[in-house]
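Below is my_file-v4.pdb, holding PDB, C-alpha atoms and all ligand atoms.
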```pdb
ATOM      1  CA  MET Q1376      29.286   1.742  21.741
ATOM      2  CA  THR Q1377      26.853   4.612  21.182
ATOM      3  CA  CYS Q1378      25.623   6.899  23.956
ATOM      4  CA  LYS Q1379      22.241   5.221  23.821
ATOM      5  CA  GLU Q1380      23.811   1.820  24.332
ATOM      6  CA  ALA Q1381      26.035   3.189  27.079
ATOM      7  CA  PHE Q1382      23.006   4.594  28.829
ATOM      8  CA  GLN Q1383      21.278   1.217  28.826
ATOM      9  CA  GLU Q1384      24.413  -0.438  30.169
ATOM     10  CA  ILE Q1385      24.723   2.189  32.917
ATOM     11  CA  SER Q1386      21.337   1.127  34.266
ATOM     12  CA  LYS Q1387      22.410  -2.508  34.291
ATOM     13  CA  TYR Q1388      25.799  -1.634  35.712
ATOM     14  CA  LEU Q1389      24.256   0.173  38.652
ATOM     15  CA  ASP Q1390      21.863  -2.709  39.190
ATOM     16  CA  GLY Q1391      24.859  -5.032  39.345
ATOM     17  CA  GLU Q1392      23.606  -6.936  36.324
ATOM     18  CA  LEU Q1393      26.296  -6.043  33.834
ATOM     19  CA  ALA Q1394      28.672  -8.705  32.538
ATOM     20  CA  ALA Q1395      32.390  -8.078  33.008
ATOM     21  CA  ASP Q1396      33.195  -7.657  29.313
ATOM     22  CA  LEU Q1397      30.375  -5.161  28.837
ATOM     23  CA  LYS Q1398      31.564  -3.314  31.908
ATOM     24  CA  ARG Q1399      34.932  -2.896  30.245
ATOM     25  CA  VAL Q1400      33.342  -1.548  27.052
ATOM     26  CA  LEU Q1401      31.242   0.821  29.109
ATOM     27  CA  ASP Q1402      34.286   2.022  31.046
ATOM     28  CA  GLU Q1403      36.017   2.766  27.762
ATOM     29  CA  HIS Q1404      33.057   4.764  26.557
ATOM     30  CA  LEU Q1405      32.879   6.705  29.828
ATOM     31  CA  CYS Q1406      36.536   7.674  29.418
ATOM     32  CA  LYS Q1407      35.836   9.171  26.011
ATOM     33  CA  CYS Q1408      32.359  10.600  26.493
ATOM     34  CA  SER Q1409      31.907  13.316  29.108
ATOM     35  CA  HIS Q1410      28.119  13.321  28.741
ATOM     36  CA  CYS Q1411      27.760   9.663  29.685
ATOM     37  CA  LYS Q1412      30.376  10.076  32.422
ATOM     38  CA  VAL Q1413      28.291  12.827  34.029
ATOM     39  CA  VAL Q1414      25.147  10.700  33.837
ATOM     40  CA  PHE Q1415      27.003   7.750  35.317
ATOM     41  CA  ASP Q1416      28.608   9.761  38.139
ATOM     42  CA  THR Q1417      25.389  11.541  39.056
ATOM     43  CA  THR Q1418      23.410   8.331  39.145
ATOM     44  CA  ARG Q1419      26.018   6.489  41.144
ATOM     45  CA  LYS Q1420      26.215   9.304  43.667
ATOM     46  CA  THR Q1421      22.443   9.290  44.003
ATOM     47  CA  ILE Q1422      22.522   5.586  44.789
ATOM     48  CA  GLU Q1423      25.420   5.969  47.231
ATOM     49  CA  LEU Q1424      23.594   8.787  48.952
ATOM     50  CA  TYR Q1425      20.491   6.677  49.180
ATOM     51  CA  CYS Q1426      22.339   3.648  50.504
ATOM     52  CA  ASN Q1427      24.373   5.795  52.886
ATOM     53  CA  GLY Q1428      27.349   3.517  52.516
ATOM     54  CA  LYS Q1429      25.377   0.441  53.489
ATOM     55  CA  LEU Q1430      24.916  -2.477  51.207
ATOM     56  CA  PHE Q1431      21.331  -3.464  50.848
ATOM     57  CA  PRO Q1432      19.073  -4.005  47.844
ATOM     58  CA  MET Q1433      17.335  -0.928  46.575
ATOM     59  CA  PRO Q1434      13.557  -1.153  46.803
ATOM     60  CA  GLU Q1435      12.034  -1.603  43.383
ATOM     61  CA  ARG Q1436       9.998   1.557  43.668
ATOM     62  CA  VAL Q1437      13.119   3.648  44.183
ATOM     63  CA  ARG Q1438      14.877   1.845  41.380
ATOM     64  CA  ASP Q1439      12.023   2.511  38.993
ATOM     65  CA  ARG Q1440      12.028   6.180  39.882
ATOM     66  CA  LEU Q1441      15.756   6.362  39.383
ATOM     67  CA  HIS Q1442      15.533   4.691  35.997
ATOM     68  CA  TYR Q1443      12.759   7.055  35.015
ATOM     69  CA  ALA Q1444      14.786  10.086  36.068
ATOM     70  CA  LEU Q1445      17.810   8.727  34.215
ATOM     71  CA  ARG Q1446      15.804   8.159  31.072
ATOM     72  CA  ARG Q1447      14.407  11.678  31.185
ATOM     73  CA  LYS Q1448      17.795  13.209  31.780
ATOM     74  CA  PHE Q1449      19.297  11.250  28.948
ATOM     75  CA  GLN Q1450      16.537  12.133  26.527
ATOM     76  CA  GLN Q1451      16.728  15.824  27.347
ATOM     77  CA  LYS Q1452      20.470  16.034  26.764
ATOM     78  CA  ALA Q1453      20.608  13.711  23.803
ATOM     79  CA  VAL Q1454      18.238  15.745  21.618
TER      80      VAL Q1454
HETATM   81 ZN    ZN Q1501      28.337   8.690  25.493
END
```

As structure tokens, the full file:
Amino acid sequence: MTCKEAFQEISKYLDGELAADLKRVLDEHLCKCSHCKVVFDTTRKTIELYCNGKLFPMPERVRDRLHYALRRKFQQKAV
């Protein structure tokens, strides 16, 4: 799995849309790649902060903004 692929899977993972086998591949990549791990951790923390420990669907607008921020962050660091 490349970092670009991992990044796409991170989005799905955090949306709860990632299949179990892909999740495993992503986990393996995160163990080996500190860059993707940081992106993953930061994004997850942002979501947890937003949800404040409660489980409810994230409004689409927030999700879009998060994906946009993620994309930008990834592109900046991946150059
Ligand atoms: Zn990576």

- Message: Selection in question (the file shown): the PyMOL selection byres (((chain Q and resi 1382) around 9) and not hetatm). Which residues does it include, as a list in words?
- Response: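 Checking the PyMOL selection byres (((chain Q and resi 1382) around 9) and not hetatm) against this file, the residues are Thr1377, Cys1378, Lys1379, Glu1380, Ala1381, Gln1383, Glu1384, Ile1385, Ser1386, Lys1387, Cys1411, Val1414, Phe1415, Leu1445, Arg1446 and Phe1449 of chain Q.
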
Evaluate the PyMOL selection byres (((chain Q and resi 1394-1402) around 8) and not hetatm) against this structure - the residues, as a PDB file with C-alpha atoms, in the frame of the given file, please.
```
ATOM      1  CA  MET Q1376      29.286   1.742  21.741  1.00  0.00           C
ATOM      2  CA  ALA Q1381      26.035   3.189  27.079  1.00  0.00           C
ATOM      3  CA  GLU Q1384      24.413  -0.438  30.169  1.00  0.00           C
ATOM      4  CA  ILE Q1385      24.723   2.189  32.917  1.00  0.00           C
ATOM      5  CA  TYR Q1388      25.799  -1.634  35.712  1.00  0.00           C
ATOM      6  CA  GLU Q1392      23.606  -6.936  36.324  1.00  0.00           C
ATOM      7  CA  LEU Q1393      26.296  -6.043  33.834  1.00  0.00           C
ATOM      8  CA  GLU Q1403      36.017   2.766  27.762  1.00  0.00           C
ATOM      9  CA  HIS Q1404      33.057   4.764  26.557  1.00  0.00           C
ATOM     10  CA  LEU Q1405      32.879   6.705  29.828  1.00  0.00           C
ATOM     11  CA  CYS Q1406      36.536   7.674  29.418  1.00  0.00           C
TER      12      CYS Q1406
END
```

- Item | Hits of the PyMOL selection byres (((chain Q and resi 1417) around 12) and not hetatm) in this structure, as a PyMOL selection string | chain Q and resi 1385+1389+1410-1416+1418-1424+1441+1444-1445+1448-1449

Hey, could you patch up region 1389-1404 of chain Q with N, CA, C and O atoms and hand it over as a PDB file, in the coordinates of the input?
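After the write, out.pdb holds the following:
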```pdb
ATOM      1  N   LEU Q1389      24.605  -0.287  37.313  1.00  0.00           N
ATOM      2  CA  LEU Q1389      24.256   0.173  38.652  1.00  0.00           C
ATOM      3  C   LEU Q1389      23.329  -0.808  39.355  1.00  0.00           C
ATOM      4  O   LEU Q1389      23.208  -0.788  40.575  1.00  0.00           O
ATOM      5  N   ASP Q1390      22.681  -1.655  38.592  1.00  0.00           N
ATOM      6  CA  ASP Q1390      21.863  -2.709  39.190  1.00  0.00           C
ATOM      7  C   ASP Q1390      22.712  -3.936  39.514  1.00  0.00           C
ATOM      8  O   ASP Q1390      22.219  -4.901  40.072  1.00  0.00           O
ATOM      9  N   GLY Q1391      23.973  -3.896  39.118  1.00  0.00           N
ATOM     10  CA  GLY Q1391      24.859  -5.032  39.345  1.00  0.00           C
ATOM     11  C   GLY Q1391      24.572  -6.187  38.409  1.00  0.00           C
ATOM     12  O   GLY Q1391      24.865  -7.332  38.712  1.00  0.00           O
ATOM     13  N   GLU Q1392      24.001  -5.878  37.252  1.00  0.00           N
ATOM     14  CA  GLU Q1392      23.606  -6.936  36.324  1.00  0.00           C
ATOM     15  C   GLU Q1392      24.467  -6.969  35.072  1.00  0.00           C
ATOM     16  O   GLU Q1392      24.153  -7.687  34.128  1.00  0.00           O
ATOM     17  N   LEU Q1393      25.528  -6.169  35.063  1.00  0.00           N
ATOM     18  CA  LEU Q1393      26.296  -6.043  33.834  1.00  0.00           C
ATOM     19  C   LEU Q1393      27.459  -7.044  33.811  1.00  0.00           C
ATOM     20  O   LEU Q1393      28.209  -7.157  34.779  1.00  0.00           O
ATOM     21  N   ALA Q1394      27.581  -7.739  32.699  1.00  0.00           N
ATOM     22  CA  ALA Q1394      28.672  -8.705  32.538  1.00  0.00           C
ATOM     23  C   ALA Q1394      30.013  -7.979  32.476  1.00  0.00           C
ATOM     24  O   ALA Q1394      30.085  -6.823  32.078  1.00  0.00           O
ATOM     25  N   ALA Q1395      31.071  -8.694  32.865  1.00  0.00           N
ATOM     26  CA  ALA Q1395      32.390  -8.078  33.008  1.00  0.00           C
ATOM     27  C   ALA Q1395      32.889  -7.480  31.696  1.00  0.00           C
ATOM     28  O   ALA Q1395      33.480  -6.396  31.681  1.00  0.00           O
ATOM     29  N   ASP Q1396      32.669  -8.173  30.585  1.00  0.00           N
ATOM     30  CA  ASP Q1396      33.195  -7.657  29.313  1.00  0.00           C
ATOM     31  C   ASP Q1396      32.448  -6.398  28.888  1.00  0.00           C
ATOM     32  O   ASP Q1396      33.037  -5.455  28.356  1.00  0.00           O
ATOM     33  N   LEU Q1397      31.149  -6.360  29.154  1.00  0.00           N
ATOM     34  CA  LEU Q1397      30.375  -5.161  28.837  1.00  0.00           C
ATOM     35  C   LEU Q1397      30.786  -3.999  29.730  1.00  0.00           C
ATOM     36  O   LEU Q1397      30.785  -2.835  29.328  1.00  0.00           O
ATOM     37  N   LYS Q1398      31.126  -4.328  30.960  1.00  0.00           N
ATOM     38  CA  LYS Q1398      31.564  -3.314  31.908  1.00  0.00           C
ATOM     39  C   LYS Q1398      32.816  -2.626  31.385  1.00  0.00           C
ATOM     40  O   LYS Q1398      32.982  -1.418  31.489  1.00  0.00           O
ATOM     41  N   ARG Q1399      33.689  -3.425  30.789  1.00  0.00           N
ATOM     42  CA  ARG Q1399      34.932  -2.896  30.245  1.00  0.00           C
ATOM     43  C   ARG Q1399      34.638  -1.954  29.068  1.00  0.00           C
ATOM     44  O   ARG Q1399      35.206  -0.877  28.952  1.00  0.00           O
ATOM     45  N   VAL Q1400      33.718  -2.382  28.196  1.00  0.00           N
ATOM     46  CA  VAL Q1400      33.342  -1.548  27.052  1.00  0.00           C
ATOM     47  C   VAL Q1400      32.712  -0.242  27.536  1.00  0.00           C
ATOM     48  O   VAL Q1400      32.991   0.836  27.012  1.00  0.00           O
ATOM     49  N   LEU Q1401      31.892  -0.364  28.558  1.00  0.00           N
ATOM     50  CA  LEU Q1401      31.242   0.821  29.109  1.00  0.00           C
ATOM     51  C   LEU Q1401      32.280   1.770  29.719  1.00  0.00           C
ATOM     52  O   LEU Q1401      32.226   2.982  29.499  1.00  0.00           O
ATOM     53  N   ASP Q1402      33.222   1.203  30.453  1.00  0.00           N
ATOM     54  CA  ASP Q1402      34.286   2.022  31.046  1.00  0.00           C
ATOM     55  C   ASP Q1402      35.041   2.798  29.970  1.00  0.00           C
ATOM     56  O   ASP Q1402      35.363   3.965  30.135  1.00  0.00           O
ATOM     57  N   GLU Q1403      35.304   2.113  28.868  1.00  0.00           N
ATOM     58  CA  GLU Q1403      36.017   2.766  27.762  1.00  0.00           C
ATOM     59  C   GLU Q1403      35.204   3.926  27.214  1.00  0.00           C
ATOM     60  O   GLU Q1403      35.729   5.000  26.929  1.00  0.00           O
ATOM     61  N   HIS Q1404      33.922   3.702  27.080  1.00  0.00           N
ATOM     62  CA  HIS Q1404      33.057   4.764  26.557  1.00  0.00           C
ATOM     63  C   HIS Q1404      33.025   5.942  27.531  1.00  0.00           C
ATOM     64  O   HIS Q1404      33.090   7.102  27.110  1.00  0.00           O
TER      65      HIS Q1404
END
```
